[in-house]
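Visitor: My file is data.cif. It has mmCIF, C-alpha atoms and all ligand atoms; chains and numbers go by the auth columns:
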data_data
loop_
_atom_site.group_PDB
_atom_site.id
_atom_site.type_symbol
_atom_site.label_atom_id
_atom_site.label_comp_id
_atom_site.label_asym_id
_atom_site.label_seq_id
_atom_site.Cartn_x
_atom_site.Cartn_y
_atom_site.Cartn_z
_atom_site.B_iso_or_equiv
_atom_site.auth_seq_id
_atom_site.auth_asym_id
ATOM 1 C CA MET A 1 -23.166 22.187 -14.978 0.00 1 M
ATOM 2 C CA LYS A 2 -22.583 19.168 -12.722 0.00 2 M
ATOM 3 C CA THR A 3 -19.145 17.711 -12.122 0.00 3 M
ATOM 4 C CA VAL A 4 -18.011 14.118 -12.483 0.00 4 M
ATOM 5 C CA TYR A 5 -15.040 12.942 -10.430 0.00 5 M
ATOM 6 C CA VAL A 6 -12.896 10.172 -11.937 0.00 6 M
ATOM 7 C CA LEU A 7 -10.512 8.943 -9.249 0.00 7 M
ATOM 8 C CA ASN A 8 -7.719 6.466 -9.852 0.00 8 M
ATOM 9 C CA GLY A 9 -5.727 4.617 -7.219 0.00 9 M
ATOM 10 C CA PRO A 10 -2.275 3.085 -6.886 0.00 10 M
ATOM 11 C CA ASN A 11 -0.135 2.038 -9.840 0.00 11 M
ATOM 12 C CA LEU A 12 -2.601 3.350 -12.413 0.00 12 M
ATOM 13 C CA ASN A 13 -0.077 6.094 -13.243 0.00 13 M
ATOM 14 C CA LEU A 14 1.900 3.248 -14.860 0.00 14 M
ATOM 15 C CA LEU A 15 -0.856 2.315 -17.318 0.00 15 M
ATOM 16 C CA GLY A 16 0.593 1.715 -20.765 0.00 16 M
ATOM 17 C CA THR A 17 3.680 -0.081 -19.486 0.00 17 M
ATOM 18 C CA ARG A 18 2.231 -1.934 -16.485 0.00 18 M
ATOM 19 C CA GLU A 19 1.377 -5.591 -17.278 0.00 19 M
ATOM 20 C CA PRO A 20 0.034 -4.729 -20.746 0.00 20 M
ATOM 21 C CA ALA A 21 -1.334 -8.259 -21.235 0.00 21 M
ATOM 22 C CA ILE A 22 -3.771 -7.459 -18.389 0.00 22 M
ATOM 23 C CA TYR A 23 -4.250 -3.681 -18.579 0.00 23 M
ATOM 24 C CA GLY A 24 -3.539 -2.965 -22.262 0.00 24 M
ATOM 25 C CA ARG A 25 -1.336 -0.305 -23.828 0.00 25 M
ATOM 26 C CA HIS A 26 -3.450 2.802 -23.174 0.00 26 M
ATOM 27 C CA THR A 27 -1.879 5.325 -20.808 0.00 27 M
ATOM 28 C CA LEU A 28 -3.583 7.273 -18.025 0.00 28 M
ATOM 29 C CA GLU A 29 -3.464 10.314 -20.337 0.00 29 M
ATOM 30 C CA ASP A 30 -5.461 8.288 -22.896 0.00 30 M
ATOM 31 C CA VAL A 31 -7.978 7.503 -20.145 0.00 31 M
ATOM 32 C CA ARG A 32 -8.182 11.199 -19.266 0.00 32 M
ATOM 33 C CA ARG A 33 -8.947 12.033 -22.910 0.00 33 M
ATOM 34 C CA LEU A 34 -11.686 9.375 -23.067 0.00 34 M
ATOM 35 C CA CYS A 35 -13.187 10.828 -19.876 0.00 35 M
ATOM 36 C CA GLU A 36 -12.985 14.397 -21.196 0.00 36 M
ATOM 37 C CA GLU A 37 -14.861 13.378 -24.369 0.00 37 M
ATOM 38 C CA ALA A 38 -17.540 11.497 -22.434 0.00 38 M
ATOM 39 C CA SER A 39 -17.940 14.315 -19.906 0.00 39 M
ATOM 40 C CA SER A 40 -18.424 16.997 -22.537 0.00 40 M
ATOM 41 C CA GLU A 41 -20.827 14.727 -24.446 0.00 41 M
ATOM 42 C CA HIS A 42 -22.994 14.492 -21.318 0.00 42 M
ATOM 43 C CA GLY A 43 -22.591 18.130 -20.270 0.00 43 M
ATOM 44 C CA PHE A 44 -20.438 17.448 -17.195 0.00 44 M
ATOM 45 C CA SER A 45 -17.275 19.153 -16.115 0.00 45 M
ATOM 46 C CA LEU A 46 -14.528 16.673 -15.236 0.00 46 M
ATOM 47 C CA VAL A 47 -12.178 16.282 -12.299 0.00 47 M
ATOM 48 C CA PHE A 48 -9.690 13.542 -13.206 0.00 48 M
ATOM 49 C CA ARG A 49 -7.050 12.445 -10.694 0.00 49 M
ATOM 50 C CA GLN A 50 -4.666 9.651 -9.726 0.00 50 M
ATOM 51 C CA THR A 51 -2.848 8.938 -6.486 0.00 51 M
ATOM 52 C CA ASN A 52 -0.851 6.138 -4.951 0.00 52 M
ATOM 53 C CA HIS A 53 -2.110 7.027 -1.436 0.00 53 M
ATOM 54 C CA GLU A 54 -5.257 5.714 0.227 0.00 54 M
ATOM 55 C CA GLY A 55 -5.891 8.782 2.389 0.00 55 M
ATOM 56 C CA GLN A 56 -5.720 11.026 -0.668 0.00 56 M
ATOM 57 C CA LEU A 57 -8.589 9.052 -2.205 0.00 57 M
ATOM 58 C CA VAL A 58 -10.544 9.531 1.049 0.00 58 M
ATOM 59 C CA ASP A 59 -9.879 13.300 0.940 0.00 59 M
ATOM 60 C CA TRP A 60 -11.023 13.502 -2.699 0.00 60 M
ATOM 61 C CA LEU A 61 -14.204 11.574 -1.871 0.00 61 M
ATOM 62 C CA HIS A 62 -14.859 14.146 0.876 0.00 62 M
ATOM 63 C CA GLU A 63 -14.287 16.937 -1.667 0.00 63 M
ATOM 64 C CA ALA A 64 -16.760 15.269 -4.061 0.00 64 M
ATOM 65 C CA GLY A 65 -19.140 14.911 -1.119 0.00 65 M
ATOM 66 C CA GLN A 66 -19.146 18.698 -0.636 0.00 66 M
ATOM 67 C CA LEU A 67 -20.240 19.164 -4.257 0.00 67 M
ATOM 68 C CA HIS A 68 -22.841 16.420 -3.747 0.00 68 M
ATOM 69 C CA ALA A 69 -24.227 18.304 -0.739 0.00 69 M
ATOM 70 C CA ARG A 70 -24.634 21.415 -2.931 0.00 70 M
ATOM 71 C CA GLY A 71 -26.323 19.432 -5.740 0.00 71 M
ATOM 72 C CA GLU A 72 -23.339 20.029 -8.020 0.00 72 M
ATOM 73 C CA LEU A 73 -22.015 16.475 -8.372 0.00 73 M
ATOM 74 C CA ALA A 74 -22.973 14.072 -11.164 0.00 74 M
ATOM 75 C CA GLY A 75 -21.170 11.256 -9.383 0.00 75 M
ATOM 76 C CA VAL A 76 -17.850 9.538 -8.904 0.00 76 M
ATOM 77 C CA VAL A 77 -16.128 6.908 -11.023 0.00 77 M
ATOM 78 C CA LEU A 78 -13.646 5.173 -8.734 0.00 78 M
ATOM 79 C CA ASN A 79 -10.922 2.774 -9.788 0.00 79 M
ATOM 80 C CA ALA A 80 -9.439 2.252 -6.341 0.00 80 M
ATOM 81 C CA ALA A 81 -7.080 -0.386 -7.805 0.00 81 M
ATOM 82 C CA ALA A 82 -5.644 -2.612 -5.045 0.00 82 M
ATOM 83 C CA TYR A 83 -7.356 -0.533 -2.313 0.00 83 M
ATOM 84 C CA THR A 84 -10.647 -1.926 -3.643 0.00 84 M
ATOM 85 C CA HIS A 85 -9.778 -5.200 -1.967 0.00 85 M
ATOM 86 C CA THR A 86 -8.410 -3.819 1.310 0.00 86 M
ATOM 87 C CA SER A 87 -9.872 -0.429 2.204 0.00 87 M
ATOM 88 C CA VAL A 88 -12.602 -0.122 4.810 0.00 88 M
ATOM 89 C CA ALA A 89 -11.786 3.622 4.875 0.00 89 M
ATOM 90 C CA LEU A 90 -12.935 4.025 1.272 0.00 90 M
ATOM 91 C CA GLN A 91 -16.218 2.235 1.949 0.00 91 M
ATOM 92 C CA ASP A 92 -16.714 4.464 5.005 0.00 92 M
ATOM 93 C CA ALA A 93 -16.008 7.581 2.903 0.00 93 M
ATOM 94 C CA VAL A 94 -18.643 6.630 0.339 0.00 94 M
ATOM 95 C CA ASN A 95 -21.184 6.026 3.115 0.00 95 M
ATOM 96 C CA ALA A 96 -20.205 9.236 4.916 0.00 96 M
ATOM 97 C CA THR A 97 -20.591 11.438 1.842 0.00 97 M
ATOM 98 C CA GLY A 98 -23.547 9.763 0.127 0.00 98 M
ATOM 99 C CA VAL A 99 -22.020 10.242 -3.324 0.00 99 M
ATOM 100 C CA THR A 100 -23.326 8.219 -6.255 0.00 100 M
ATOM 101 C CA LEU A 101 -20.366 6.071 -7.217 0.00 101 M
ATOM 102 C CA ILE A 102 -19.511 3.602 -9.955 0.00 102 M
ATOM 103 C CA GLU A 103 -16.721 1.132 -9.168 0.00 103 M
ATOM 104 C CA LEU A 104 -14.511 0.641 -12.190 0.00 104 M
ATOM 105 C CA HIS A 105 -11.857 -1.914 -13.075 0.00 105 M
ATOM 106 C CA ILE A 106 -9.982 -2.188 -16.338 0.00 106 M
ATOM 107 C CA SER A 107 -9.537 -5.941 -15.927 0.00 107 M
ATOM 108 C CA ASN A 108 -12.180 -8.480 -14.990 0.00 108 M
ATOM 109 C CA THR A 109 -11.180 -8.881 -11.367 0.00 109 M
ATOM 110 C CA HIS A 110 -13.453 -11.910 -10.981 0.00 110 M
ATOM 111 C CA ALA A 111 -11.470 -13.833 -13.589 0.00 111 M
ATOM 112 C CA ARG A 112 -8.206 -13.211 -11.687 0.00 112 M
ATOM 113 C CA GLU A 113 -6.703 -14.216 -8.318 0.00 113 M
ATOM 114 C CA SER A 114 -9.232 -14.937 -5.574 0.00 114 M
ATOM 115 C CA PHE A 115 -8.007 -11.985 -3.453 0.00 115 M
ATOM 116 C CA ARG A 116 -9.345 -9.696 -6.195 0.00 116 M
ATOM 117 C CA HIS A 117 -12.843 -11.193 -5.999 0.00 117 M
ATOM 118 C CA HIS A 118 -13.799 -9.281 -2.875 0.00 118 M
ATOM 119 C CA SER A 119 -14.487 -5.552 -3.044 0.00 119 M
ATOM 120 C CA HIS A 120 -15.064 -3.207 -0.102 0.00 120 M
ATOM 121 C CA ILE A 121 -16.475 -0.679 -2.578 0.00 121 M
ATOM 122 C CA ALA A 122 -19.064 -2.817 -4.376 0.00 122 M
ATOM 123 C CA PRO A 123 -21.603 -2.900 -1.497 0.00 123 M
ATOM 124 C CA VAL A 124 -21.805 0.909 -1.531 0.00 124 M
ATOM 125 C CA ALA A 125 -21.492 1.388 -5.306 0.00 125 M
ATOM 126 C CA ARG A 126 -24.418 2.120 -7.590 0.00 126 M
ATOM 127 C CA ALA A 127 -22.829 -0.146 -10.219 0.00 127 M
ATOM 128 C CA VAL A 128 -19.645 -2.057 -10.929 0.00 128 M
ATOM 129 C CA ILE A 129 -17.916 -2.179 -14.320 0.00 129 M
ATOM 130 C CA ALA A 130 -15.005 -4.582 -14.769 0.00 130 M
ATOM 131 C CA GLY A 131 -13.251 -6.097 -17.748 0.00 131 M
ATOM 132 C CA LEU A 132 -14.017 -3.621 -20.538 0.00 132 M
ATOM 133 C CA GLY A 133 -10.506 -2.208 -20.559 0.00 133 M
ATOM 134 C CA VAL A 134 -10.157 1.571 -20.488 0.00 134 M
ATOM 135 C CA HIS A 135 -13.410 1.822 -22.456 0.00 135 M
ATOM 136 C CA GLY A 136 -15.204 1.143 -19.195 0.00 136 M
ATOM 137 C CA TYR A 137 -14.484 4.725 -18.109 0.00 137 M
ATOM 138 C CA PRO A 138 -16.650 6.538 -20.700 0.00 138 M
ATOM 139 C CA ILE A 139 -19.311 3.874 -20.199 0.00 139 M
ATOM 140 C CA ALA A 140 -19.282 4.644 -16.462 0.00 140 M
ATOM 141 C CA ILE A 141 -19.696 8.374 -17.176 0.00 141 M
ATOM 142 C CA ALA A 142 -22.607 7.587 -19.513 0.00 142 M
ATOM 143 C CA GLY A 143 -24.037 5.439 -16.722 0.00 143 M
ATOM 144 C CA LEU A 144 -23.914 8.372 -14.278 0.00 144 M
ATOM 145 C CA ALA A 145 -25.741 10.519 -16.858 0.00 145 M
ATOM 146 C CA ARG A 146 -28.407 7.837 -17.150 0.00 146 M
ATOM 147 C CA VAL A 147 -28.772 7.545 -13.373 0.00 147 M
ATOM 148 C CA LEU A 148 -29.157 11.333 -13.090 0.00 148 M
ATOM 149 C CA ALA A 149 -31.707 11.491 -15.919 0.00 149 M
ATOM 150 C CA ALA A 150 -33.739 8.750 -14.234 0.00 150 M
ATOM 151 C CA GLY A 151 -33.870 10.938 -11.099 0.00 151 M
HETATM 152 C C1 LIG B . -7.665 -2.893 -11.146 0.00 201 C
HETATM 153 C C2 LIG B . -7.797 -4.307 -10.583 0.00 201 C
HETATM 154 C C3 LIG B . -7.182 -4.399 -9.202 0.00 201 C
HETATM 155 O O1 LIG B . -7.319 -5.732 -8.682 0.00 201 C
HETATM 156 C C4 LIG B . -5.690 -4.083 -9.269 0.00 201 C
HETATM 157 O O2 LIG B . -5.126 -4.097 -7.977 0.00 201 C
HETATM 158 C C5 LIG B . -5.411 -2.810 -9.975 0.00 201 C
HETATM 159 C C6 LIG B . -6.211 -2.433 -11.145 0.00 201 C
HETATM 160 C C7 LIG B . -8.182 -2.789 -12.589 0.00 201 C
HETATM 161 O O3 LIG B . -8.418 -1.656 -13.040 0.00 201 C
HETATM 162 O O4 LIG B . -8.349 -3.802 -13.275 0.00 201 C
HETATM 163 O O5 LIG B . -4.460 -2.108 -9.641 0.00 201 C
HETATM 164 O O6 LIG B . -8.428 -2.014 -10.330 0.00 201 C
#
Show me the file's structure as structure tokens.
Guide:
Amino acid sequence: MKTVYVLNGPNLNLLGTREPAIYGRHTLEDVRRLCEEASSEHGFSLVFRQTNHEGQLVDWLHEAGQLHARGELAGVVLNAAAYTHTSVALQDAVNATGVTLIELHISNTHARESFRHHSHIAPVARAVIAGLGVHGYPIAIAGLARVLAAG
């Protein structure tokens, strides 16, 4: 059974109360449940995590990279939150590990402030999903299943 990593960056622990007009009322626990359902539907085991620290995301990408090297990783869904727009280290980690990664945003970052229009992750992502609310997460997991099935 392959594993899917769903990694969430800073301030996403506050989902549900954080700017609900932008991010909705679903909590991170709701997102975890959606990811659990999608993972079991596609026969993946799930690692679901959140951190407010950039280096922790780098360490988790390295951990996912070790599974990737053993052929045990389905892929990574990464909502790096604000680090999307600032972190060269995250782009380097994706390149260094070779993981298949889908960049995920709850909001449509391109319809927001111009500083959110640039992503350091997008150039090394297999796909980018933005603006579907929390429902983007199970769609991203389904996307990883499709990518795997296509070989
Ligand atoms: C976000 C969009 C980012 O610009 C922002 O910094 C976030 C959340 C999203 O899911 O829409 O924290 O990644």
Visitor: Set the distance at 12 Å and use only C-alpha atoms: which residues neighbour Asn95 (chain M) once local chain neighbours fewer than 5 positions away are removed? I'd like the list as a PDB file with C-alpha atoms, in the frame of the given file.
Guide:
ATOM      1  CA  VAL M  58     -10.544   9.531   1.049  1.00  0.00           C
ATOM      2  CA  LEU M  61     -14.204  11.574  -1.871  1.00  0.00           C
ATOM      3  CA  HIS M  62     -14.859  14.146   0.876  1.00  0.00           C
ATOM      4  CA  GLY M  65     -19.140  14.911  -1.119  1.00  0.00           C
ATOM      5  CA  VAL M  88     -12.602  -0.122   4.810  1.00  0.00           C
ATOM      6  CA  ALA M  89     -11.786   3.622   4.875  1.00  0.00           C
ATOM      7  CA  LEU M  90     -12.935   4.025   1.272  1.00  0.00           C
ATOM      8  CA  THR M 100     -23.326   8.219  -6.255  1.00  0.00           C
ATOM      9  CA  LEU M 101     -20.366   6.071  -7.217  1.00  0.00           C
ATOM     10  CA  HIS M 120     -15.064  -3.207  -0.102  1.00  0.00           C
ATOM     11  CA  ILE M 121     -16.475  -0.679  -2.578  1.00  0.00           C
ATOM     12  CA  ALA M 122     -19.064  -2.817  -4.376  1.00  0.00           C
ATOM     13  CA  PRO M 123     -21.603  -2.900  -1.497  1.00  0.00           C
ATOM     14  CA  VAL M 124     -21.805   0.909  -1.531  1.00  0.00           C
ATOM     15  CA  ALA M 125     -21.492   1.388  -5.306  1.00  0.00           C
ATOM     16  CA  ARG M 126     -24.418   2.120  -7.590  1.00  0.00           C
TER      17      ARG M 126
END
Visitor: Given only C-alpha atoms and all ligand atoms as the basis, pick out the residue of M:Ala127, M:Ala21, M:Ala80, M:Leu34 nearest to ligand LIG 201 (chain C).
Guide: M:Ala80
Visitor: Given the file shown, enumerate the residues that the PyMOL selection byres (((chain M and resi 32) around 10) and not hetatm) captures and present them as number ranges by chain.
Guide: M: 6, 27-31, 33-38, 46-49, 134, 137-138
Visitor: Evaluate the PyMOL selection byres (((not hetatm)) within 8 of (chain C and resi 201)) on the structure here and hand back the selected residues as a list in words.
Guide: Gly9, Pro10, Asn11, Leu12, Ile22, Tyr23, Asn79, Ala80, Ala81, Ala82, Tyr83, Thr84, His85, Leu104, His105, Ile106, Ser107, Asn108, Thr109, Arg116, Ala130, Gly131 and Gly133 of chain M
Visitor: Generate the output file for the selected residues, C-alpha atoms, as a PDB file, keeping the file's coordinate frame.
Guide:
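Below you can see out06.pdb, which holds the result:
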ATOM      1  CA  GLY M   9      -5.727   4.617  -7.219  1.00  0.00           C
ATOM      2  CA  PRO M  10      -2.275   3.085  -6.886  1.00  0.00           C
ATOM      3  CA  ASN M  11      -0.135   2.038  -9.840  1.00  0.00           C
ATOM      4  CA  LEU M  12      -2.601   3.350 -12.413  1.00  0.00           C
ATOM      5  CA  ILE M  22      -3.771  -7.459 -18.389  1.00  0.00           C
ATOM      6  CA  TYR M  23      -4.250  -3.681 -18.579  1.00  0.00           C
ATOM      7  CA  ASN M  79     -10.922   2.774  -9.788  1.00  0.00           C
ATOM      8  CA  ALA M  80      -9.439   2.252  -6.341  1.00  0.00           C
ATOM      9  CA  ALA M  81      -7.080  -0.386  -7.805  1.00  0.00           C
ATOM     10  CA  ALA M  82      -5.644  -2.612  -5.045  1.00  0.00           C
ATOM     11  CA  TYR M  83      -7.356  -0.533  -2.313  1.00  0.00           C
ATOM     12  CA  THR M  84     -10.647  -1.926  -3.643  1.00  0.00           C
ATOM     13  CA  HIS M  85      -9.778  -5.200  -1.967  1.00  0.00           C
ATOM     14  CA  LEU M 104     -14.511   0.641 -12.190  1.00  0.00           C
ATOM     15  CA  HIS M 105     -11.857  -1.914 -13.075  1.00  0.00           C
ATOM     16  CA  ILE M 106      -9.982  -2.188 -16.338  1.00  0.00           C
ATOM     17  CA  SER M 107      -9.537  -5.941 -15.927  1.00  0.00           C
ATOM     18  CA  ASN M 108     -12.180  -8.480 -14.990  1.00  0.00           C
ATOM     19  CA  THR M 109     -11.180  -8.881 -11.367  1.00  0.00           C
ATOM     20  CA  ARG M 116      -9.345  -9.696  -6.195  1.00  0.00           C
ATOM     21  CA  ALA M 130     -15.005  -4.582 -14.769  1.00  0.00           C
ATOM     22  CA  GLY M 131     -13.251  -6.097 -17.748  1.00  0.00           C
ATOM     23  CA  GLY M 133     -10.506  -2.208 -20.559  1.00  0.00           C
TER      24      GLY M 133
END
Visitor: How many Å lie between CA of Val76 (chain M) and CA of Val4 (chain M), rounded to one decimal?
Guide: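 Result for CA of Val76 (chain M) versus CA of Val4 (chain M): 5.8 Å, one decimal.
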Visitor: Could you work out how far CA of Asn52 (chain M) lies from CA of Thr86 (chain M), giving the answer in Å with one decimal?
Guide: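 Result for CA of Thr86 (chain M) versus CA of Asn52 (chain M): 14.0 Å, one decimal.
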Visitor: Please expand the PyMOL selection byres (((chain M and resi 42) around 12) and not hetatm) into the concrete residues it hits in this file, giving the result as a list of chain:residue names.
Guide: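 Output from the PyMOL selection byres (((chain M and resi 42) around 12) and not hetatm), applied to this file: M:Met1, M:Lys2, M:Thr3, M:Val4, M:Cys35, M:Glu36, M:Glu37, M:Ala38, M:Ser39, M:Ser40, M:Glu41, M:Gly43, M:Phe44, M:Ser45, M:Leu46, M:Ala74, M:Pro138, M:Ile139, M:Ala140, M:Ile141, M:Ala142, M:Gly143, M:Leu144, M:Ala145, M:Arg146, M:Leu148, M:Ala149.
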